[in-house]
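Data from work-v7.txt: compact mmCIF, C-alpha atoms and all ligand atoms
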```txt
# COMPACT_ATOMS: atom_id res chain seq x y z
CA MET A 1 4.79 2.11 -15.87
CA GLU A 2 2.88 5.23 -16.94
CA ILE A 3 1.50 7.23 -14.01
CA PRO A 4 -1.21 9.62 -15.20
CA VAL A 5 -2.00 13.00 -13.63
CA PRO A 6 -5.40 12.37 -11.98
CA GLY A 7 -8.50 14.30 -12.99
CA THR A 8 -8.83 15.78 -9.49
CA ILE A 9 -5.57 17.69 -10.02
CA VAL A 10 -6.50 18.75 -13.57
CA ASP A 11 -9.91 19.97 -12.36
CA HIS A 12 -8.44 21.86 -9.40
CA PHE A 13 -6.47 24.34 -11.52
CA GLU A 14 -8.08 27.08 -13.57
CA LYS A 15 -4.88 27.58 -15.52
CA VAL A 16 -1.30 26.32 -15.67
CA PHE A 17 1.26 28.85 -16.88
CA ILE A 18 4.50 27.33 -18.15
CA ASP A 19 7.59 29.51 -18.14
CA GLU A 20 9.14 29.20 -21.60
CA LYS A 21 12.39 28.24 -19.83
CA SER A 22 10.59 25.19 -18.36
CA VAL A 23 8.81 23.85 -21.44
CA ASP A 24 11.19 20.89 -21.74
CA SER A 25 11.02 19.94 -18.06
CA SER A 26 9.40 16.67 -17.02
CA ALA A 27 6.68 18.50 -15.03
CA ALA A 28 5.74 20.69 -18.02
CA LYS A 29 5.64 17.67 -20.32
CA ARG A 30 3.21 15.96 -17.97
CA VAL A 31 1.02 19.07 -17.83
CA ILE A 32 1.01 19.30 -21.64
CA LYS A 33 0.09 15.62 -21.89
CA TYR A 34 -2.68 15.52 -19.28
CA PHE A 35 -4.26 19.00 -19.10
CA PRO A 36 -6.66 20.28 -21.76
CA PRO A 37 -4.87 22.81 -24.03
CA GLU A 38 -7.22 25.65 -23.04
CA LYS A 39 -5.90 25.44 -19.45
CA ILE A 40 -2.25 25.81 -20.48
CA LYS A 41 -0.38 28.96 -21.43
CA VAL A 42 3.33 29.28 -22.18
CA VAL A 43 4.58 32.64 -20.91
CA ASP A 44 7.84 34.56 -20.83
CA GLU A 45 7.24 36.01 -17.36
CA GLN A 46 5.27 35.22 -14.21
CA PRO A 47 1.59 36.23 -14.48
CA TRP A 48 0.30 39.13 -12.37
CA THR A 49 3.76 40.57 -11.80
CA ASP A 50 2.15 43.97 -11.24
CA HIS A 51 1.11 42.69 -7.79
CA ARG A 52 3.04 44.21 -4.86
CA GLY A 53 2.75 43.60 -1.10
CA GLU A 54 0.17 41.56 0.82
CA LEU A 55 -2.44 39.50 -1.02
CA SER A 56 -6.14 40.22 -0.55
CA ALA A 57 -8.44 37.30 0.29
CA SER A 58 -9.53 36.92 -3.33
CA GLN A 59 -5.94 37.13 -4.61
CA PHE A 60 -4.88 34.48 -2.11
CA ASP A 61 -7.74 32.20 -3.22
CA ARG A 62 -6.81 32.78 -6.87
CA SER A 63 -3.16 31.92 -6.13
CA LYS A 64 -4.24 28.41 -5.07
CA LYS A 65 -6.07 27.78 -8.34
CA ASN A 66 -3.40 28.89 -10.77
CA LEU A 67 -0.06 27.23 -11.21
CA PHE A 68 3.22 28.54 -12.61
CA LEU A 69 5.89 26.05 -13.64
CA THR A 70 9.22 27.82 -13.53
CA PRO A 71 12.87 27.21 -12.60
CA PHE A 72 13.93 28.36 -9.12
CA ALA A 73 16.78 30.85 -9.23
CA GLY A 74 18.01 30.76 -5.61
CA GLN A 75 19.39 28.22 -3.18
CA PHE A 76 16.98 25.31 -2.76
CA PHE A 77 18.27 23.95 0.48
CA LYS A 78 17.62 25.93 3.68
CA ARG A 79 17.39 25.54 7.42
CA CYS A 80 13.90 25.13 8.88
CA PRO A 81 12.57 28.59 9.93
CA GLY A 82 12.37 27.41 13.58
CA ALA A 83 16.14 27.01 13.60
CA THR A 84 16.64 30.64 12.68
CA GLN A 85 14.80 31.61 15.90
CA LYS A 86 17.14 29.56 18.08
CA LYS A 87 17.09 32.09 20.90
CA THR A 88 13.38 31.58 21.49
CA LEU A 89 12.58 28.12 20.12
CA THR A 90 13.99 24.66 20.66
CA CYS A 91 14.40 23.35 17.18
CA CYS A 92 15.46 20.07 15.68
CA ASN A 93 18.16 19.71 13.02
CA TYR A 94 15.78 20.12 10.16
CA TYR A 95 16.45 21.37 6.67
CA VAL A 96 13.92 22.21 4.04
CA LEU A 97 14.03 21.62 0.33
CA ASN A 98 11.40 23.82 -1.26
CA LEU A 99 10.33 22.49 -4.64
CA GLY A 100 7.51 24.98 -4.99
CA SER A 101 5.35 27.36 -2.98
CA GLN A 102 1.65 27.63 -2.07
CA CYS A 103 -0.73 24.73 -1.54
CA ASN A 104 -3.74 23.32 -3.35
CA MET A 105 -5.45 22.58 -0.01
CA ASN A 106 -6.93 25.20 2.29
CA CYS A 107 -6.52 25.04 6.07
CA SER A 108 -7.94 27.97 8.02
CA TYR A 109 -4.81 28.34 10.16
CA CYS A 110 -2.28 27.94 7.34
CA TYR A 111 0.81 30.07 7.96
CA LEU A 112 1.24 30.63 4.24
CA GLN A 113 -1.45 33.32 4.63
CA SER A 114 1.11 35.55 6.29
CA TYR A 115 4.20 34.13 4.62
CA LEU A 116 3.46 34.23 0.90
CA ASN A 117 2.93 37.29 -1.21
CA SER A 118 3.23 35.64 -4.59
CA PRO A 119 -0.05 35.85 -6.54
CA ILE A 120 0.36 32.35 -8.00
CA MET A 121 1.29 28.85 -6.85
CA LYS A 122 4.66 27.71 -8.14
CA ILE A 123 6.29 24.38 -8.84
CA TYR A 124 9.99 24.57 -9.58
CA THR A 125 11.00 22.59 -12.62
CA ASN A 126 14.75 22.35 -12.00
CA ILE A 127 14.77 19.52 -9.44
CA ASP A 128 18.04 18.31 -10.99
CA GLN A 129 19.67 21.49 -9.69
CA ALA A 130 18.26 20.85 -6.21
CA LEU A 131 19.72 17.36 -6.25
CA GLN A 132 23.04 18.71 -7.44
CA GLU A 133 23.08 21.07 -4.43
CA LEU A 134 22.54 18.07 -2.16
CA ASP A 135 25.25 16.08 -3.92
CA GLU A 136 27.68 18.96 -3.32
CA MET A 137 26.74 19.05 0.34
CA ALA A 138 27.28 15.30 0.58
CA VAL A 139 30.93 15.71 -0.34
CA LYS A 140 31.49 17.10 3.18
CA HIS A 141 28.50 15.93 5.18
CA ALA A 142 27.26 12.56 3.89
CA ASP A 143 27.90 10.94 7.27
CA LEU A 144 26.03 13.44 9.44
CA PRO A 145 22.41 12.68 10.38
CA TYR A 146 20.72 15.50 8.48
CA ARG A 147 16.96 15.51 8.24
CA VAL A 148 15.48 17.07 5.16
CA GLY A 149 11.81 17.85 4.54
CA THR A 150 10.06 18.96 1.37
CA GLY A 151 6.79 20.08 2.95
CA GLU A 152 7.45 23.55 4.33
CA VAL A 153 5.88 25.96 1.83
CA ILE A 154 4.20 23.36 -0.36
CA ASP A 155 2.68 20.02 0.63
CA SER A 156 5.16 17.20 -0.11
CA LEU A 157 2.71 14.87 -1.84
CA SER A 158 -0.60 16.53 -2.72
CA LEU A 159 0.60 17.36 -6.25
CA ASP A 160 3.21 14.66 -6.51
CA GLU A 161 1.25 12.78 -9.16
CA LEU A 162 1.84 15.84 -11.34
CA THR A 163 5.60 16.10 -10.77
CA LEU A 164 6.57 12.59 -9.60
CA TYR A 165 9.40 14.27 -7.64
CA SER A 166 8.98 11.71 -4.85
CA ARG A 167 10.38 9.04 -7.14
CA GLU A 168 13.52 11.03 -7.91
CA LEU A 169 14.02 11.98 -4.27
CA ILE A 170 13.62 8.43 -2.97
CA SER A 171 16.20 7.14 -5.46
CA PHE A 172 18.51 10.03 -4.57
CA PHE A 173 18.32 9.59 -0.78
CA ARG A 174 19.03 5.88 -1.08
CA LYS A 175 22.62 6.98 -1.90
CA TYR A 176 22.94 8.76 1.46
CA PRO A 177 21.58 6.40 4.13
CA ARG A 178 22.70 8.61 7.06
CA TRP A 179 20.41 11.40 5.86
CA THR A 180 16.66 11.25 6.36
CA LEU A 181 14.13 12.58 3.89
CA GLU A 182 10.63 13.39 5.10
CA PHE A 183 7.57 13.74 2.90
CA LYS A 184 5.05 15.65 4.98
CA THR A 185 1.46 15.76 3.80
CA LYS A 186 -2.21 16.18 4.57
CA SER A 187 -3.10 14.31 1.39
CA ASP A 188 -3.45 10.59 0.75
CA ARG A 189 -1.46 10.58 -2.51
CA VAL A 190 1.13 7.81 -2.15
CA ASP A 191 0.39 5.20 -4.84
CA GLN A 192 2.72 6.91 -7.31
CA PHE A 193 5.87 5.76 -5.47
CA LEU A 194 4.84 2.60 -3.67
CA ASP A 195 6.20 0.34 -6.40
CA LEU A 196 9.74 1.55 -5.54
CA ALA A 197 11.69 -0.48 -3.05
CA PRO A 198 11.36 1.34 0.30
CA ALA A 199 14.35 3.35 1.39
CA LYS A 200 14.73 3.01 5.16
CA ASN A 201 15.77 6.65 5.41
CA VAL A 202 12.64 8.00 3.71
CA VAL A 203 9.89 8.88 6.17
CA THR A 204 6.33 9.42 4.99
CA SER A 205 4.58 11.62 7.48
CA TRP A 206 1.13 12.98 8.10
CA SER A 207 -0.07 16.09 9.82
CA ILE A 208 -3.08 14.74 11.60
CA ASN A 209 -5.90 16.04 13.77
CA PRO A 210 -9.11 14.49 15.09
CA PRO A 211 -11.92 14.22 12.50
CA LEU A 212 -13.82 17.12 14.10
CA VAL A 213 -10.88 19.49 13.55
CA ILE A 214 -10.13 18.19 10.06
CA ASN A 215 -13.75 18.62 9.01
CA SER A 216 -13.99 22.10 10.48
CA GLU A 217 -10.58 23.59 9.62
CA GLU A 218 -8.60 21.56 7.08
CA HIS A 219 -10.55 22.16 3.88
CA GLY A 220 -9.66 20.26 0.73
CA THR A 221 -7.35 17.86 2.60
CA ALA A 222 -7.69 14.08 2.80
CA ARG A 223 -10.13 13.10 5.57
CA PHE A 224 -8.93 11.42 8.77
CA HIS A 225 -9.40 7.81 7.64
CA GLU A 226 -8.04 8.52 4.16
CA ARG A 227 -4.78 9.81 5.67
CA LEU A 228 -4.47 6.82 7.97
CA ALA A 229 -5.23 4.43 5.11
CA ALA A 230 -2.44 6.05 3.07
CA ALA A 231 -0.07 5.74 6.05
CA GLU A 232 -0.95 2.05 6.35
CA LYS A 233 -0.11 1.54 2.67
CA CYS A 234 3.31 3.16 3.21
CA ALA A 235 3.96 1.09 6.33
CA THR A 236 3.04 -2.10 4.47
CA ALA A 237 5.41 -1.10 1.66
CA GLY A 238 8.20 -0.73 4.24
CA PHE A 239 8.48 3.05 4.60
CA SER A 240 8.93 4.61 8.07
CA LEU A 241 6.14 6.83 9.32
CA ALA A 242 5.84 9.99 11.38
CA PHE A 243 2.77 11.82 12.63
CA HIS A 244 2.54 15.51 13.43
CA ILE A 245 -0.38 16.29 15.71
CA ASP A 246 -0.02 19.90 14.85
CA PRO A 247 -1.63 22.32 15.27
CA MET A 248 -3.67 20.92 18.14
CA ILE A 249 -6.79 23.05 18.27
CA TRP A 250 -8.79 23.68 21.39
CA HIS A 251 -12.54 22.97 21.27
CA PRO A 252 -14.92 22.11 24.13
CA GLU A 253 -14.53 18.34 23.68
CA TRP A 254 -10.79 18.45 22.88
CA LYS A 255 -9.78 15.77 25.40
CA GLU A 256 -12.21 13.28 23.96
CA SER A 257 -11.16 14.15 20.38
CA TYR A 258 -7.41 13.88 20.97
CA SER A 259 -7.68 10.75 23.08
CA GLY A 260 -9.69 9.19 20.20
CA LEU A 261 -6.93 10.21 17.81
CA VAL A 262 -4.25 8.62 20.01
CA ARG A 263 -6.35 5.46 20.31
CA GLU A 264 -6.68 5.24 16.55
CA LEU A 265 -2.96 5.78 15.92
CA THR A 266 -1.77 3.38 18.60
CA SER A 267 -4.17 0.64 17.50
CA ARG A 268 -3.30 0.92 13.80
CA PHE A 269 0.46 1.48 13.99
CA SER A 270 3.25 0.05 16.11
CA VAL A 271 6.03 1.95 17.89
CA GLU A 272 8.48 0.28 15.49
CA GLN A 273 6.66 1.65 12.43
CA VAL A 274 6.50 5.24 13.69
CA ASN A 275 9.74 7.16 13.71
CA VAL A 276 8.42 10.09 15.71
CA ILE A 277 5.26 11.90 16.85
CA SER A 278 5.48 15.68 17.07
CA LEU A 279 3.07 17.92 18.92
CA GLY A 280 2.33 21.58 18.38
CA THR A 281 -0.54 23.86 19.34
CA LEU A 282 -2.23 26.52 17.25
CA ARG A 283 -0.04 29.50 16.45
CA PHE A 284 -0.03 32.18 13.80
CA GLN A 285 1.29 35.61 13.04
CA PRO A 286 -1.04 38.39 14.24
CA GLU A 287 -1.13 39.96 10.78
CA GLN A 288 -2.84 36.95 9.25
CA ARG A 289 -5.89 37.16 11.50
CA HIS A 290 -7.82 39.56 9.27
CA LEU A 291 -7.20 37.40 6.19
CA MET A 292 -8.33 34.27 8.03
CA ARG A 293 -11.49 36.03 9.22
CA GLU A 294 -12.27 37.24 5.73
CA ARG A 295 -11.65 33.80 4.22
CA PHE A 296 -13.18 31.55 6.88
CA GLY A 297 -15.57 33.75 8.89
CA LEU A 298 -15.88 33.84 12.66
CA ARG A 299 -17.37 30.39 13.17
CA SER A 300 -14.01 28.68 12.71
CA LEU A 301 -12.29 27.20 15.78
CA VAL A 302 -9.20 29.13 14.69
CA THR A 303 -10.54 32.60 13.97
CA SER A 304 -12.62 32.58 17.16
CA ALA A 305 -9.81 31.31 19.42
CA GLU A 306 -8.49 33.39 22.29
CA MET A 307 -4.82 33.91 21.49
CA PHE A 308 -1.97 35.71 23.24
CA PRO A 309 1.25 37.26 21.97
CA SER A 310 4.18 34.97 22.63
CA GLU A 311 7.67 33.91 21.54
CA GLY A 312 8.74 34.57 17.97
CA SER A 313 6.02 37.29 17.72
CA LYS A 314 3.32 34.67 17.11
CA LEU A 315 -0.06 34.41 18.77
CA ARG A 316 -0.54 31.22 20.78
CA TYR A 317 -2.87 29.81 23.39
CA ASP A 318 -2.18 30.77 26.96
CA ALA A 319 0.93 28.90 28.23
CA SER A 320 -0.99 26.89 30.82
CA LEU A 321 -3.44 25.59 28.21
CA ARG A 322 -0.55 24.65 25.91
CA HIS A 323 1.09 22.65 28.71
CA GLU A 324 -2.18 20.98 29.56
CA MET A 325 -2.74 19.93 25.94
CA PHE A 326 0.84 18.66 25.49
CA GLN A 327 0.83 16.75 28.77
CA PHE A 328 -2.56 15.22 28.07
CA VAL A 329 -1.64 13.87 24.64
CA ARG A 330 1.79 12.73 25.75
CA LYS A 331 0.30 10.83 28.65
CA GLU A 332 -2.25 9.15 26.36
CA PHE A 333 0.60 7.86 24.18
CA LEU A 334 2.87 6.81 27.02
CA SER A 335 0.12 4.93 28.82
CA ASN A 336 -0.22 2.87 25.65
CA ASP A 337 3.53 2.27 25.36
CA PRO A 338 6.36 4.27 27.03
CA ARG A 339 8.49 3.88 23.92
CA TRP A 340 6.54 6.34 21.73
CA ASN A 341 8.99 9.00 20.58
CA ILE A 342 7.26 12.33 21.19
CA PHE A 343 8.56 15.85 20.71
CA LEU A 344 7.31 19.41 20.63
CA CYS A 345 7.58 21.36 17.43
CA MET A 346 8.67 25.01 17.49
CA GLU A 347 8.26 25.38 21.22
CA THR A 348 10.30 27.24 23.80
CA PRO A 349 12.75 25.51 26.19
CA GLU A 350 10.42 26.61 29.05
CA THR A 351 7.48 24.75 27.48
CA TRP A 352 9.63 21.63 27.07
CA ILE A 353 10.54 21.71 30.75
CA GLN A 354 7.04 22.55 31.98
CA SER A 355 5.27 20.03 29.74
CA PHE A 356 7.78 17.19 29.64
CA ASP A 357 10.10 17.92 32.64
CA LYS A 358 13.03 17.59 30.23
CA THR A 359 14.80 19.28 27.39
CA PRO A 360 14.98 17.27 24.15
CA MET A 361 18.67 16.50 24.80
CA GLN A 362 17.57 14.61 27.92
CA VAL A 363 15.17 12.36 26.02
CA ASP A 364 16.62 9.13 24.62
CA GLY A 365 15.68 8.69 21.00
CA LEU A 366 15.41 12.44 20.45
CA LYS A 367 19.03 13.47 21.08
CA ASP A 368 20.03 12.93 17.48
CA PHE A 369 17.22 15.17 16.32
CA PHE A 370 18.43 18.11 18.36
CA ARG A 371 22.19 17.70 18.58
CA PRO A 372 23.64 20.73 16.79
CA LEU A 373 25.25 19.93 13.43
CA PRO A 374 27.34 22.18 11.21
CA GLY A 375 24.95 24.70 9.66
CA ILE A 376 24.33 24.80 5.96
CA GLY A 377 22.45 27.54 4.16
S1 LIG A 401 -2.00 21.47 3.96
FE1 LIG A 401 -0.43 22.71 4.97
S2 LIG A 401 0.31 24.13 3.39
FE2 LIG A 401 -1.66 23.27 2.70
S3 LIG A 401 -3.21 24.74 3.35
FE3 LIG A 401 -3.04 23.16 4.96
S4 LIG A 401 -1.53 24.03 6.41
FE4 LIG A 401 -1.34 25.17 4.50
```

Since I need it in another form, could you write the structure as structure tokens?
Amino acid sequence: MEIPVPGTIVDHFEKVFIDEKSVDSSAAKRVIKYFPPEKIKVVDEQPWTDHRGELSASQFDRSKKNLFLTPFAGQFFKRCPGATQKKTLTCCNYYVLNLGSQCNMNCSYCYLQSYLNSPIMKIYTNIDQALQELDEMAVKHADLPYRVGTGEVIDSLSLDELTLYSRELISFFRKYPRWTLEFKTKSDRVDQFLDLAPAKNVVTSWSINPPLVINSEEHGTARFHERLAAAEKCATAGFSLAFHIDPMIWHPEWKESYSGLVRELTSRFSVEQVNVISLGTLRFQPEQRHLMRERFGLRSLVTSAEMFPSEGSKLRYDASLRHEMFQFVRKEFLSNDPRWNIFLCMETPETWIQSFDKTPMQVDGLKDFFRPLPGIG
């Protein structure tokens, strides 16, 4: 079955640069087939290499509109950044497989604004090498419950119709049923893999917020009902689901908004279909504030928020507001059904105790997520 690259992806990019080392890759072949020739340039080095240091607002915007297909030279497989701040954060056993960097969507709070300094979006063309790394790891660790996500510095699915990496990853993870693979997205792009038999250990997950927050802060992403419709398609096809209500963003009617979100999720999905729900509140590095203000103005719920320095050097809401938001949403879920599996993402042990009265190791159903495993990478 031929799966075309949709026009929305072709139209999004001003230019696709193909590293001459990647010309024979499957991703490059799809670009050559579906993009008009005037948008494609084969190059022997990354464009704009003269750039050094932080990106300006216009450079950051340009980096989302231009794509570089290139092999990745380092180690693909890494621990989630939260795990490297173990002293301050309670973090689950999560590993990340970065198959590119930058994002074609544009959320006001996006942490990539302080994390990336590359002037161009990248998709790595050597996925076979990434899978080889995982195969090597499986020699020792195939029976441990590792969780692997592909959506840390690039959305897992928003450009998947260009690469079709989901198809290779699903087939690969079927070999290792003890491991879990998570596709994490704010898009609704799932049709390209739904013809594959579902793998029980592949979780399709959505970062989700109430419509008011999506419409105000999550630009270029799939709208609320589009995301839920995509999740329903995955559930019907037999994939497990997860939802990340993260970052929760304060606004005057936040209780009404988040209780509406919980109502919608609990009426459309069952506890059995949803692997886990994670909660997080707004947080960002102080140094990205000026870039966010320049790019999104002061009317955004994010740029105008009152934030305080906290753990891991990030700015967060005041601790009492964070607890109130976590407790409120948790209670909404548990009053629907006490079996909803809820955890806090990148939060301190103190917040766990104050918001949930427990550490994750004391919550049935979450122990496996947090039990320390041998570290890799
Ligand atoms: S979808 Fe995720 S990676 Fe993309 S802009 Fe939004 S927060 Fe950033």

Could the residues that lie within 12 Å of ligand LIG 401 (chain A), counting only C-alpha atoms and all ligand atoms, be listed as an mmCIF file with C-alpha atoms, keeping the file's coordinate frame?
```
data_model
loop_
_atom_site.group_PDB
_atom_site.id
_atom_site.type_symbol
_atom_site.label_atom_id
_atom_site.label_comp_id
_atom_site.auth_asym_id
_atom_site.auth_seq_id
_atom_site.Cartn_x
_atom_site.Cartn_y
_atom_site.Cartn_z
ATOM 1 C CA PHE A 60 -4.880 34.480 -2.110
ATOM 2 C CA ASP A 61 -7.740 32.200 -3.220
ATOM 3 C CA SER A 63 -3.160 31.920 -6.130
ATOM 4 C CA LYS A 64 -4.240 28.410 -5.070
ATOM 5 C CA GLY A 100 7.510 24.980 -4.990
ATOM 6 C CA SER A 101 5.350 27.360 -2.980
ATOM 7 C CA GLN A 102 1.650 27.630 -2.070
ATOM 8 C CA CYS A 103 -0.730 24.730 -1.540
ATOM 9 C CA ASN A 104 -3.740 23.320 -3.350
ATOM 10 C CA MET A 105 -5.450 22.580 -0.010
ATOM 11 C CA ASN A 106 -6.930 25.200 2.290
ATOM 12 C CA CYS A 107 -6.520 25.040 6.070
ATOM 13 C CA SER A 108 -7.940 27.970 8.020
ATOM 14 C CA TYR A 109 -4.810 28.340 10.160
ATOM 15 C CA CYS A 110 -2.280 27.940 7.340
ATOM 16 C CA TYR A 111 0.810 30.070 7.960
ATOM 17 C CA LEU A 112 1.240 30.630 4.240
ATOM 18 C CA GLN A 113 -1.450 33.320 4.630
ATOM 19 C CA SER A 114 1.110 35.550 6.290
ATOM 20 C CA TYR A 115 4.200 34.130 4.620
ATOM 21 C CA LEU A 116 3.460 34.230 0.900
ATOM 22 C CA MET A 121 1.290 28.850 -6.850
ATOM 23 C CA THR A 150 10.060 18.960 1.370
ATOM 24 C CA GLY A 151 6.790 20.080 2.950
ATOM 25 C CA GLU A 152 7.450 23.550 4.330
ATOM 26 C CA VAL A 153 5.880 25.960 1.830
ATOM 27 C CA ILE A 154 4.200 23.360 -0.360
ATOM 28 C CA ASP A 155 2.680 20.020 0.630
ATOM 29 C CA SER A 156 5.160 17.200 -0.110
ATOM 30 C CA LEU A 157 2.710 14.870 -1.840
ATOM 31 C CA SER A 158 -0.600 16.530 -2.720
ATOM 32 C CA LEU A 159 0.600 17.360 -6.250
ATOM 33 C CA LYS A 184 5.050 15.650 4.980
ATOM 34 C CA THR A 185 1.460 15.760 3.800
ATOM 35 C CA LYS A 186 -2.210 16.180 4.570
ATOM 36 C CA SER A 187 -3.100 14.310 1.390
ATOM 37 C CA ASP A 188 -3.450 10.590 0.750
ATOM 38 C CA TRP A 206 1.130 12.980 8.100
ATOM 39 C CA SER A 207 -0.070 16.090 9.820
ATOM 40 C CA ILE A 208 -3.080 14.740 11.600
ATOM 41 C CA ASN A 209 -5.900 16.040 13.770
ATOM 42 C CA ILE A 214 -10.130 18.190 10.060
ATOM 43 C CA GLU A 217 -10.580 23.590 9.620
ATOM 44 C CA GLU A 218 -8.600 21.560 7.080
ATOM 45 C CA HIS A 219 -10.550 22.160 3.880
ATOM 46 C CA GLY A 220 -9.660 20.260 0.730
ATOM 47 C CA THR A 221 -7.350 17.860 2.600
ATOM 48 C CA ALA A 222 -7.690 14.080 2.800
ATOM 49 C CA ARG A 223 -10.130 13.100 5.570
ATOM 50 C CA HIS A 244 2.540 15.510 13.430
ATOM 51 C CA ASP A 246 -0.020 19.900 14.850
ATOM 52 C CA PRO A 247 -1.630 22.320 15.270
ATOM 53 C CA LEU A 282 -2.230 26.520 17.250
ATOM 54 C CA ARG A 283 -0.040 29.500 16.450
ATOM 55 C CA PHE A 284 -0.030 32.180 13.800
ATOM 56 C CA MET A 292 -8.330 34.270 8.030
#
```

Separation of atom CA of Thr125 of chain A from atom CA of Val202 of chain A in Å: 22.0 Å

Nearest to Leu301 of chain A by atom-to-atom distance, counting only C-alpha atoms, from A:Asn201, A:Gln59, A:Ser216, A:Thr180: A:Ser216

Report as a PDB file with C-alpha atoms, in the coordinates of the input all protein, DNA and RNA residues lying within 12 Å of Arg330 of chain A, evaluated on only C-alpha atoms, omitting residues in the same chain fewer than 6 positions from it.
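Result file part.pdb:
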```pdb
ATOM      1  CA  ILE A 245      -0.380  16.290  15.710  1.00  0.00           C
ATOM      2  CA  LYS A 255      -9.780  15.770  25.400  1.00  0.00           C
ATOM      3  CA  TYR A 258      -7.410  13.880  20.970  1.00  0.00           C
ATOM      4  CA  SER A 259      -7.680  10.750  23.080  1.00  0.00           C
ATOM      5  CA  VAL A 262      -4.250   8.620  20.010  1.00  0.00           C
ATOM      6  CA  ILE A 277       5.260  11.900  16.850  1.00  0.00           C
ATOM      7  CA  SER A 278       5.480  15.680  17.070  1.00  0.00           C
ATOM      8  CA  LEU A 279       3.070  17.920  18.920  1.00  0.00           C
ATOM      9  CA  GLY A 280       2.330  21.580  18.380  1.00  0.00           C
ATOM     10  CA  HIS A 323       1.090  22.650  28.710  1.00  0.00           C
ATOM     11  CA  GLU A 324      -2.180  20.980  29.560  1.00  0.00           C
ATOM     12  CA  ASN A 336      -0.220   2.870  25.650  1.00  0.00           C
ATOM     13  CA  ASP A 337       3.530   2.270  25.360  1.00  0.00           C
ATOM     14  CA  PRO A 338       6.360   4.270  27.030  1.00  0.00           C
ATOM     15  CA  ARG A 339       8.490   3.880  23.920  1.00  0.00           C
ATOM     16  CA  TRP A 340       6.540   6.340  21.730  1.00  0.00           C
ATOM     17  CA  ASN A 341       8.990   9.000  20.580  1.00  0.00           C
ATOM     18  CA  ILE A 342       7.260  12.330  21.190  1.00  0.00           C
ATOM     19  CA  PHE A 343       8.560  15.850  20.710  1.00  0.00           C
ATOM     20  CA  LEU A 344       7.310  19.410  20.630  1.00  0.00           C
ATOM     21  CA  TRP A 352       9.630  21.630  27.070  1.00  0.00           C
ATOM     22  CA  SER A 355       5.270  20.030  29.740  1.00  0.00           C
ATOM     23  CA  PHE A 356       7.780  17.190  29.640  1.00  0.00           C
ATOM     24  CA  ASP A 357      10.100  17.920  32.640  1.00  0.00           C
TER      25      ASP A 357
END
```

Answer as number ranges by chain, residues within 10 Å of (6.1, 35.0, 18.3) using only C-alpha atoms: A: 85, 88-89, 283-286, 308-316

Nearest residue to Lys78 of chain A from the set A:Pro47, A:Gly238, A:Gly7, A:Gly149 (distances using only C-alpha atoms): A:Gly149

Contact check, segment 184-243 of chain A to segment 167-176 of chain A, at most 9 Å, counting all atoms listed in the file, closest pairs as CSV:
```
residue,atom,partner,partner_atom,distance
A:Gln192,CA,A:Arg167,CA,8.0
A:Phe193,CA,A:Arg167,CA,5.8
A:Leu196,CA,A:Arg167,CA,7.7
A:Pro198,CA,A:Ile170,CA,8.1
A:Ala199,CA,A:Arg174,CA,5.9
A:Lys200,CA,A:Arg174,CA,8.1
A:Asn201,CA,A:Arg174,CA,7.3
A:Val202,CA,A:Ile170,CA,6.8
```

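Straight-line separation from atom CA of Met248 of chain A to atom CA of Val203 of chain A: 21.7 Å.
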
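When atom CA of Glu45 of chain A is paired with atom CA of Glu20 of chain A, their separation reads 8.2 Å.
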
Using only C-alpha atoms, what does the table of segment 117-186 of chain A residues within 10 Å of segment 23-30 of chain A look like, with each row giving the shortest atom pair and its distance in Å to one decimal, sorted by chain and ascending number, as a Markdown table?
```
| residue | atom | partner | partner_atom | distance |
| --- | --- | --- | --- | --- |
| A:Ile123 | CA | A:Ala27 | CA | 8.5 |
| A:Tyr124 | CA | A:Ala27 | CA | 8.8 |
| A:Thr125 | CA | A:Ser25 | CA | 6.1 |
| A:Asn126 | CA | A:Ser25 | CA | 7.5 |
| A:Ile127 | CA | A:Ser25 | CA | 9.4 |
| A:Asp160 | CA | A:Ala27 | CA | 10.0 |
| A:Glu161 | CA | A:Arg30 | CA | 9.6 |
| A:Leu162 | CA | A:Ala27 | CA | 6.6 |
| A:Thr163 | CA | A:Ala27 | CA | 5.0 |
| A:Leu164 | CA | A:Ala27 | CA | 8.0 |
| A:Tyr165 | CA | A:Ala27 | CA | 8.9 |
```

Mind dumping the selected residues with C-alpha atoms as a tab-separated table (two decimals), keeping the file's coordinate frame?
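Wrote it out as out.tsv, contents follow:
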```tsv
chain	number	residue	atom	x	y	z
A	123	ILE	CA	6.29	24.38	-8.84
A	124	TYR	CA	9.99	24.57	-9.58
A	125	THR	CA	11.00	22.59	-12.62
A	126	ASN	CA	14.75	22.35	-12.00
A	127	ILE	CA	14.77	19.52	-9.44
A	160	ASP	CA	3.21	14.66	-6.51
A	161	GLU	CA	1.25	12.78	-9.16
A	162	LEU	CA	1.84	15.84	-11.34
A	163	THR	CA	5.60	16.10	-10.77
A	164	LEU	CA	6.57	12.59	-9.60
A	165	TYR	CA	9.40	14.27	-7.64
```

Specify the axis-aligned box that encloses all atoms of segment 74-79 of chain A listed in the file after padding of 5 Å on each side, stating its centre and edge lengths in Å to one decimal as JSON.
```
{"center_x": 18.2, "center_y": 27.4, "center_z": 0.9, "size_x": 12.4, "size_y": 16.8, "size_z": 23.0}
```
